[in-house]
Each structure stands twice: as structure tokens, then as C-alpha cells.
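**Student:** Here you go, start.txt (compact mmCIF, N, CA and C atoms):
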```
# COMPACT_ATOMS: atom_id res chain seq x y z
N MET G 1 12.04 -8.02 -23.47
CA MET G 1 11.71 -7.67 -22.10
C MET G 1 10.37 -8.32 -21.77
N LYS G 2 10.29 -8.88 -20.58
CA LYS G 2 9.04 -9.45 -20.09
C LYS G 2 8.32 -8.43 -19.22
N VAL G 3 7.00 -8.42 -19.31
CA VAL G 3 6.17 -7.61 -18.43
C VAL G 3 5.42 -8.59 -17.52
N LEU G 4 5.57 -8.42 -16.22
CA LEU G 4 4.95 -9.31 -15.25
C LEU G 4 4.03 -8.50 -14.35
N LYS G 5 2.78 -8.92 -14.26
CA LYS G 5 1.78 -8.22 -13.43
C LYS G 5 1.35 -9.17 -12.32
N PHE G 6 1.38 -8.67 -11.10
CA PHE G 6 0.98 -9.46 -9.95
C PHE G 6 -0.19 -8.78 -9.26
N GLY G 7 -1.27 -9.51 -9.05
CA GLY G 7 -2.48 -8.97 -8.45
C GLY G 7 -2.39 -8.88 -6.94
N GLY G 8 -3.49 -8.40 -6.35
CA GLY G 8 -3.54 -8.15 -4.91
C GLY G 8 -3.31 -9.38 -4.05
N THR G 9 -3.82 -10.52 -4.48
CA THR G 9 -3.61 -11.75 -3.71
C THR G 9 -2.14 -12.16 -3.77
N SER G 10 -1.50 -11.90 -4.91
CA SER G 10 -0.08 -12.25 -5.09
C SER G 10 0.84 -11.45 -4.18
N VAL G 11 0.42 -10.26 -3.80
CA VAL G 11 1.24 -9.43 -2.91
C VAL G 11 0.60 -9.29 -1.53
N GLY G 12 -0.43 -10.09 -1.26
CA GLY G 12 -1.22 -9.95 -0.04
C GLY G 12 -0.58 -10.44 1.24
N LYS G 13 0.50 -11.18 1.12
CA LYS G 13 1.20 -11.68 2.31
C LYS G 13 2.70 -11.54 2.07
N PRO G 14 3.44 -11.30 3.14
CA PRO G 14 4.89 -11.14 2.98
C PRO G 14 5.56 -12.32 2.27
N GLU G 15 5.16 -13.54 2.58
CA GLU G 15 5.80 -14.69 1.93
C GLU G 15 5.52 -14.71 0.43
N ARG G 16 4.38 -14.16 0.02
CA ARG G 16 4.09 -14.09 -1.41
C ARG G 16 4.97 -13.04 -2.09
N MET G 17 5.23 -11.96 -1.39
CA MET G 17 6.16 -10.97 -1.96
C MET G 17 7.56 -11.55 -2.11
N HIS G 18 7.96 -12.36 -1.13
CA HIS G 18 9.27 -13.02 -1.23
C HIS G 18 9.29 -13.98 -2.42
N SER G 19 8.19 -14.67 -2.68
CA SER G 19 8.10 -15.57 -3.83
C SER G 19 8.20 -14.80 -5.14
N ILE G 20 7.56 -13.65 -5.20
CA ILE G 20 7.66 -12.82 -6.40
C ILE G 20 9.11 -12.40 -6.64
N ALA G 21 9.79 -12.03 -5.57
CA ALA G 21 11.19 -11.61 -5.69
C ALA G 21 12.03 -12.74 -6.30
N GLN G 22 11.75 -13.98 -5.90
CA GLN G 22 12.47 -15.11 -6.47
C GLN G 22 12.11 -15.32 -7.94
N LEU G 23 10.83 -15.16 -8.27
CA LEU G 23 10.37 -15.33 -9.65
C LEU G 23 11.00 -14.34 -10.61
N ILE G 24 11.22 -13.13 -10.14
CA ILE G 24 11.72 -12.09 -11.05
C ILE G 24 13.24 -11.97 -11.04
N SER G 25 13.91 -12.77 -10.22
CA SER G 25 15.38 -12.70 -10.19
C SER G 25 15.93 -13.23 -11.51
N GLY G 26 17.11 -12.89 -11.79
CA GLY G 26 17.74 -13.32 -13.03
C GLY G 26 18.17 -12.12 -13.85
N SER G 27 18.88 -12.38 -14.91
CA SER G 27 19.47 -11.29 -15.69
C SER G 27 18.55 -10.75 -16.78
N GLU G 28 17.50 -11.47 -17.13
CA GLU G 28 16.58 -11.00 -18.17
C GLU G 28 15.87 -9.73 -17.70
N ARG G 29 15.75 -8.75 -18.60
CA ARG G 29 15.07 -7.49 -18.25
C ARG G 29 13.59 -7.74 -18.08
N LYS G 30 13.03 -7.13 -17.03
CA LYS G 30 11.62 -7.32 -16.71
C LYS G 30 11.02 -6.00 -16.25
N LEU G 31 9.75 -5.82 -16.58
CA LEU G 31 8.97 -4.74 -16.03
C LEU G 31 7.95 -5.39 -15.11
N VAL G 32 7.99 -5.04 -13.83
CA VAL G 32 7.13 -5.67 -12.84
C VAL G 32 6.09 -4.66 -12.38
N VAL G 33 4.82 -5.07 -12.43
CA VAL G 33 3.71 -4.23 -12.02
C VAL G 33 3.02 -4.93 -10.85
N LEU G 34 2.85 -4.20 -9.74
CA LEU G 34 2.21 -4.78 -8.56
C LEU G 34 0.89 -4.08 -8.27
N SER G 35 -0.11 -4.88 -7.95
CA SER G 35 -1.38 -4.32 -7.48
C SER G 35 -1.26 -3.96 -6.02
N ALA G 36 -2.29 -3.31 -5.53
CA ALA G 36 -2.38 -3.03 -4.09
C ALA G 36 -2.55 -4.35 -3.34
N VAL G 37 -2.09 -4.38 -2.11
CA VAL G 37 -2.29 -5.54 -1.24
C VAL G 37 -3.79 -5.82 -1.16
N SER G 38 -4.13 -7.07 -1.20
CA SER G 38 -5.52 -7.51 -1.18
C SER G 38 -6.35 -6.75 -0.13
N GLY G 39 -7.45 -6.15 -0.57
CA GLY G 39 -8.35 -5.43 0.32
C GLY G 39 -8.08 -3.94 0.41
N THR G 40 -6.89 -3.51 -0.02
CA THR G 40 -6.52 -2.11 0.12
C THR G 40 -7.35 -1.19 -0.77
N THR G 41 -7.54 -1.57 -2.02
CA THR G 41 -8.29 -0.71 -2.94
C THR G 41 -9.73 -0.53 -2.45
N ASN G 42 -10.36 -1.62 -2.02
CA ASN G 42 -11.72 -1.51 -1.49
C ASN G 42 -11.78 -0.58 -0.29
N ALA G 43 -10.78 -0.67 0.58
CA ALA G 43 -10.73 0.20 1.75
C ALA G 43 -10.56 1.66 1.33
N LEU G 44 -9.72 1.91 0.33
CA LEU G 44 -9.52 3.28 -0.15
C LEU G 44 -10.78 3.84 -0.80
N VAL G 45 -11.54 2.99 -1.47
CA VAL G 45 -12.82 3.43 -2.03
C VAL G 45 -13.77 3.82 -0.91
N GLU G 46 -13.83 3.01 0.14
CA GLU G 46 -14.67 3.34 1.30
C GLU G 46 -14.26 4.66 1.95
N ILE G 47 -12.97 4.83 2.11
CA ILE G 47 -12.45 6.08 2.71
C ILE G 47 -12.85 7.26 1.83
N SER G 48 -12.65 7.14 0.54
CA SER G 48 -12.99 8.21 -0.39
C SER G 48 -14.48 8.54 -0.34
N ASN G 49 -15.32 7.52 -0.32
CA ASN G 49 -16.77 7.74 -0.25
C ASN G 49 -17.16 8.48 1.03
N ALA G 50 -16.54 8.08 2.14
CA ALA G 50 -16.84 8.75 3.41
C ALA G 50 -16.43 10.22 3.35
N LEU G 51 -15.23 10.48 2.83
CA LEU G 51 -14.74 11.85 2.77
C LEU G 51 -15.52 12.70 1.77
N LEU G 52 -15.91 12.10 0.65
CA LEU G 52 -16.75 12.83 -0.31
C LEU G 52 -18.09 13.20 0.30
N GLY G 53 -18.59 12.33 1.18
CA GLY G 53 -19.87 12.58 1.85
C GLY G 53 -19.74 13.48 3.06
N GLY G 54 -18.54 14.00 3.31
CA GLY G 54 -18.34 14.91 4.44
C GLY G 54 -18.24 14.21 5.78
N LYS G 55 -18.06 12.89 5.77
CA LYS G 55 -17.98 12.10 7.01
C LYS G 55 -16.52 11.89 7.39
N LYS G 56 -15.90 12.93 7.87
CA LYS G 56 -14.47 12.89 8.18
C LYS G 56 -14.14 11.93 9.33
N ASP G 57 -15.02 11.87 10.34
CA ASP G 57 -14.78 10.93 11.45
C ASP G 57 -14.79 9.50 10.94
N LYS G 58 -15.74 9.18 10.08
CA LYS G 58 -15.82 7.85 9.48
C LYS G 58 -14.58 7.59 8.62
N GLY G 59 -14.16 8.60 7.86
CA GLY G 59 -12.95 8.47 7.05
C GLY G 59 -11.73 8.17 7.89
N ASN G 60 -11.58 8.89 9.01
CA ASN G 60 -10.46 8.64 9.92
C ASN G 60 -10.50 7.23 10.50
N GLU G 61 -11.68 6.79 10.86
CA GLU G 61 -11.87 5.43 11.39
C GLU G 61 -11.46 4.39 10.36
N LEU G 62 -11.86 4.59 9.12
CA LEU G 62 -11.52 3.65 8.04
C LEU G 62 -10.02 3.66 7.72
N ILE G 63 -9.40 4.82 7.85
CA ILE G 63 -7.95 4.91 7.62
C ILE G 63 -7.21 4.10 8.67
N GLU G 64 -7.62 4.24 9.92
CA GLU G 64 -6.99 3.45 11.00
C GLU G 64 -7.15 1.96 10.72
N LYS G 65 -8.34 1.57 10.31
CA LYS G 65 -8.62 0.16 10.01
C LYS G 65 -7.76 -0.34 8.85
N LEU G 66 -7.59 0.51 7.83
CA LEU G 66 -6.76 0.13 6.67
C LEU G 66 -5.33 -0.16 7.08
N PHE G 67 -4.76 0.67 7.94
CA PHE G 67 -3.34 0.55 8.25
C PHE G 67 -3.00 -0.45 9.36
N GLN G 68 -3.97 -0.89 10.12
CA GLN G 68 -3.69 -1.86 11.19
C GLN G 68 -2.96 -3.11 10.68
N PRO G 69 -3.39 -3.74 9.59
CA PRO G 69 -2.69 -4.95 9.14
C PRO G 69 -1.30 -4.70 8.54
N TYR G 70 -1.03 -3.47 8.17
CA TYR G 70 0.27 -3.19 7.56
C TYR G 70 1.43 -3.28 8.55
N HIS G 71 1.18 -3.03 9.82
CA HIS G 71 2.27 -3.10 10.81
C HIS G 71 2.80 -4.53 10.97
N PRO G 72 1.96 -5.53 11.21
CA PRO G 72 2.50 -6.90 11.25
C PRO G 72 3.03 -7.36 9.88
N PHE G 73 2.42 -6.86 8.80
CA PHE G 73 2.89 -7.19 7.44
C PHE G 73 4.34 -6.78 7.28
N VAL G 74 4.66 -5.55 7.66
CA VAL G 74 6.03 -5.03 7.54
C VAL G 74 6.97 -5.81 8.45
N ASN G 75 6.52 -6.15 9.65
CA ASN G 75 7.35 -6.92 10.58
C ASN G 75 7.71 -8.28 10.02
N GLU G 76 6.83 -8.87 9.24
CA GLU G 76 7.11 -10.18 8.62
C GLU G 76 7.90 -10.04 7.33
N LEU G 77 7.71 -8.96 6.61
CA LEU G 77 8.32 -8.79 5.30
C LEU G 77 9.83 -8.59 5.39
N TYR G 78 10.27 -7.82 6.37
CA TYR G 78 11.69 -7.46 6.45
C TYR G 78 12.38 -8.22 7.57
N LYS G 79 13.57 -8.70 7.24
CA LYS G 79 14.35 -9.47 8.22
C LYS G 79 15.41 -8.61 8.91
N SER G 80 15.92 -7.61 8.20
CA SER G 80 16.97 -6.79 8.79
C SER G 80 16.36 -5.60 9.51
N GLU G 81 17.11 -5.06 10.46
CA GLU G 81 16.66 -3.88 11.20
C GLU G 81 16.52 -2.68 10.27
N GLU G 82 17.46 -2.56 9.33
CA GLU G 82 17.40 -1.45 8.37
C GLU G 82 16.17 -1.56 7.47
N GLY G 83 15.90 -2.77 6.99
CA GLY G 83 14.72 -2.99 6.15
C GLY G 83 13.44 -2.70 6.92
N LEU G 84 13.39 -3.14 8.15
CA LEU G 84 12.22 -2.91 9.00
C LEU G 84 12.00 -1.42 9.21
N LYS G 85 13.08 -0.69 9.43
CA LYS G 85 12.99 0.76 9.63
C LYS G 85 12.44 1.43 8.37
N LYS G 86 12.95 1.03 7.20
CA LYS G 86 12.48 1.60 5.94
C LYS G 86 11.02 1.25 5.68
N GLY G 87 10.65 0.01 5.96
CA GLY G 87 9.26 -0.42 5.77
C GLY G 87 8.30 0.37 6.64
N LYS G 88 8.67 0.58 7.88
CA LYS G 88 7.83 1.36 8.79
C LYS G 88 7.72 2.81 8.31
N ALA G 89 8.82 3.35 7.79
CA ALA G 89 8.80 4.72 7.28
C ALA G 89 7.89 4.85 6.06
N ILE G 90 7.88 3.84 5.21
CA ILE G 90 6.99 3.83 4.04
C ILE G 90 5.54 3.86 4.49
N ILE G 91 5.20 2.99 5.43
CA ILE G 91 3.82 2.93 5.92
C ILE G 91 3.43 4.25 6.58
N GLU G 92 4.32 4.80 7.38
CA GLU G 92 4.01 6.06 8.07
C GLU G 92 3.79 7.19 7.07
N ALA G 93 4.62 7.25 6.03
CA ALA G 93 4.49 8.32 5.03
C ALA G 93 3.15 8.22 4.30
N HIS G 94 2.76 7.02 3.92
CA HIS G 94 1.48 6.85 3.22
C HIS G 94 0.30 7.10 4.15
N TYR G 95 0.43 6.66 5.38
CA TYR G 95 -0.60 6.93 6.38
C TYR G 95 -0.81 8.44 6.53
N ASN G 96 0.28 9.17 6.70
CA ASN G 96 0.20 10.62 6.87
C ASN G 96 -0.38 11.29 5.63
N PHE G 97 0.00 10.81 4.46
CA PHE G 97 -0.52 11.39 3.22
C PHE G 97 -2.04 11.17 3.12
N ILE G 98 -2.48 9.96 3.40
CA ILE G 98 -3.91 9.68 3.33
C ILE G 98 -4.66 10.47 4.40
N LYS G 99 -4.11 10.53 5.61
CA LYS G 99 -4.75 11.30 6.70
C LYS G 99 -4.85 12.78 6.33
N SER G 100 -3.91 13.29 5.55
CA SER G 100 -3.94 14.70 5.18
C SER G 100 -5.18 15.05 4.36
N HIS G 101 -5.78 14.05 3.77
CA HIS G 101 -6.99 14.28 2.97
C HIS G 101 -8.24 14.42 3.81
N THR G 102 -8.12 14.24 5.12
CA THR G 102 -9.29 14.36 5.99
C THR G 102 -9.53 15.80 6.42
N THR G 103 -8.61 16.66 6.07
CA THR G 103 -8.79 18.10 6.36
C THR G 103 -8.98 18.81 5.04
N GLY G 104 -9.74 19.84 5.04
CA GLY G 104 -9.95 20.60 3.81
C GLY G 104 -11.04 19.99 2.94
N ASN G 105 -11.01 20.38 1.69
CA ASN G 105 -12.04 19.98 0.74
C ASN G 105 -11.61 18.71 -0.01
N PHE G 106 -12.39 17.64 0.12
CA PHE G 106 -12.11 16.39 -0.58
C PHE G 106 -12.97 16.34 -1.84
N THR G 107 -12.34 16.14 -3.01
CA THR G 107 -13.03 16.20 -4.29
C THR G 107 -12.90 14.89 -5.05
N GLU G 108 -13.52 14.82 -6.21
CA GLU G 108 -13.36 13.66 -7.09
C GLU G 108 -11.89 13.48 -7.49
N ALA G 109 -11.21 14.59 -7.71
CA ALA G 109 -9.78 14.52 -8.04
C ALA G 109 -9.00 13.93 -6.87
N SER G 110 -9.38 14.27 -5.66
CA SER G 110 -8.74 13.70 -4.46
C SER G 110 -8.94 12.20 -4.42
N THR G 111 -10.11 11.75 -4.85
CA THR G 111 -10.40 10.31 -4.88
C THR G 111 -9.41 9.59 -5.77
N ARG G 112 -9.17 10.10 -6.96
CA ARG G 112 -8.24 9.45 -7.89
C ARG G 112 -6.83 9.39 -7.31
N ILE G 113 -6.44 10.44 -6.64
CA ILE G 113 -5.11 10.47 -6.01
C ILE G 113 -5.04 9.42 -4.90
N LEU G 114 -6.08 9.36 -4.09
CA LEU G 114 -6.12 8.43 -2.97
C LEU G 114 -6.11 6.98 -3.44
N LEU G 115 -6.85 6.68 -4.50
CA LEU G 115 -6.95 5.30 -4.98
C LEU G 115 -5.62 4.76 -5.51
N ALA G 116 -4.73 5.62 -5.93
CA ALA G 116 -3.41 5.18 -6.40
C ALA G 116 -2.50 4.75 -5.26
N GLU G 117 -2.83 5.13 -4.06
CA GLU G 117 -1.96 4.84 -2.91
C GLU G 117 -1.71 3.35 -2.69
N GLY G 118 -2.69 2.52 -2.96
CA GLY G 118 -2.52 1.08 -2.73
C GLY G 118 -1.36 0.50 -3.52
N GLU G 119 -1.33 0.82 -4.82
CA GLU G 119 -0.25 0.32 -5.67
C GLU G 119 1.09 0.94 -5.27
N LEU G 120 1.06 2.19 -4.88
CA LEU G 120 2.30 2.85 -4.45
C LEU G 120 2.87 2.20 -3.19
N ILE G 121 2.00 1.86 -2.25
CA ILE G 121 2.45 1.20 -1.01
C ILE G 121 3.09 -0.14 -1.36
N SER G 122 2.40 -0.97 -2.14
CA SER G 122 2.92 -2.29 -2.50
C SER G 122 4.27 -2.18 -3.19
N THR G 123 4.35 -1.27 -4.15
CA THR G 123 5.58 -1.13 -4.93
C THR G 123 6.74 -0.67 -4.06
N GLN G 124 6.48 0.29 -3.20
CA GLN G 124 7.57 0.78 -2.34
C GLN G 124 8.00 -0.27 -1.32
N LEU G 125 7.05 -0.99 -0.75
CA LEU G 125 7.42 -2.06 0.19
C LEU G 125 8.23 -3.14 -0.52
N PHE G 126 7.86 -3.46 -1.74
CA PHE G 126 8.54 -4.49 -2.50
C PHE G 126 9.96 -4.09 -2.87
N GLN G 127 10.17 -2.82 -3.18
CA GLN G 127 11.48 -2.33 -3.57
C GLN G 127 12.49 -2.43 -2.46
N GLU G 128 12.06 -2.26 -1.24
CA GLU G 128 12.98 -2.27 -0.12
C GLU G 128 13.33 -3.70 0.18
```
Please, can you express the file's structure as C-alpha cells?

**Tutor:**
Amino acid sequence: MKVLKFGGTSVGKPERMHSIAQLISGSERKLVVLSAVSGTTNALVEISNALLGGKKDKGNELIEKLFQPYHPFVNELYKSEEGLKKGKAIIEAHYNFIKSHTTGNFTEASTRILLAEGELISTQLFQE
């Protein structure tokens, strides 16, 4: 079995995700690991820092900024109407999950949970 790891730049544009899909096609068993889309982890760190500092308005502003590029990304990534619908649902679910951290008590444990979101978004978008 081959293990293939693709970094943030490799998944940073829809055409690069399509290239990865071609690279991993074939009958040989593979384990594919995807990083967060380029810039996502840094944005999540900023969001976490704002929320840890009690700056919820700043956190909300950074969340909006993080998700703005994902809408055109999804529109380019999927060609079918069904794929587009699933891609938008993935982005909305992650957006809502991250936004849910702006209410209540944000802790160091919350930071670790939030930082994993980048890889989860990439992986889910790639699967569809």
C-alpha cells in the first residue's frame, strides 16, 4: 500500500484537486492524506487566538473572511449540480460548526478541535 500526502498548496485550487484525483486513480491500494487548503490553518489559528482573547466580534469577522474564498472554490471544483449541492453543504456545515465556537467558553481544547477543521474540509470536498 502506498501512503500519499498532499500539502496545502497541492489542494489549494480546484484544478490541483482534480490533478490529485488523477494521480491516485488506479487499482493499487493507497492511503491519501490531505492538508488544509492553503491559508486555512493560519486563518484558524487567528480565529482561535481572537476567541481565546475574548474577541468574539473579531473571531466572527475572521470566520467570514476564511469562508469567502470557499464559495468560488466549490463552484469551480464541482461540475455536476449534485456535486455542487454537496460541496456547498460541506462548506455550510463547517462554517456553522466553526461559528458555534463564538458563543460560550472557548478553551485551549476548543482550539485543537477548531484547528482540525481545515483538513476535514479538504478531505470532505475531495471525497465528493

**Student:** For atom C of Leu23 in chain G and atom C of Ala43 in chain G, determine how far apart the two atoms are, in Å to one decimal place.

**Tutor:**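 So the answer is 29.4 Å.
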
**Student:** Enclose range 33-46 of chain G, meaning all of its atoms listed in the file, in a box aligned along x, y and z, pad it by 6 Å on each side, and list the centre and edge lengths in Å to one decimal, as AutoDock Vina command-line options.

**Tutor:**
```
--center_x -4.9 --center_y -1.4 --center_z -5.2 --size_x 31.5 --size_y 24.2 --size_z 26.4
```

**Student:** Determine which residues of chain G DSSP labels as strand (DSSP E) from the backbone of this structure, then write them out as a PyMOL selection string.

**Tutor:** chain G and resi 2-6+30-34

**Student:** Hey, can you check how far CA of Gly12 in chain G sits from CA of Val37 in chain G?

**Tutor:**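 Value for the CA of Gly12 in chain G-CA of Val37 in chain G distance: 4.7 Å.
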
**Student:** Can you tell me which residues surround Glu15 in chain G at a distance of at most 8 Å, considering only N, CA and C atoms, apart from same-chain residues fewer than 6 positions away, and format the answer as a PyMOL selection string?

**Tutor:** chain G and resi 21+76-77

**Student:** List as number ranges by chain the residues having at least one atom at most 12 Å from position (5.8, 2.8, 8.6) as given in the file, counting only C-alpha atoms.

**Tutor:** G: 67-75, 83-97, 121, 124-125
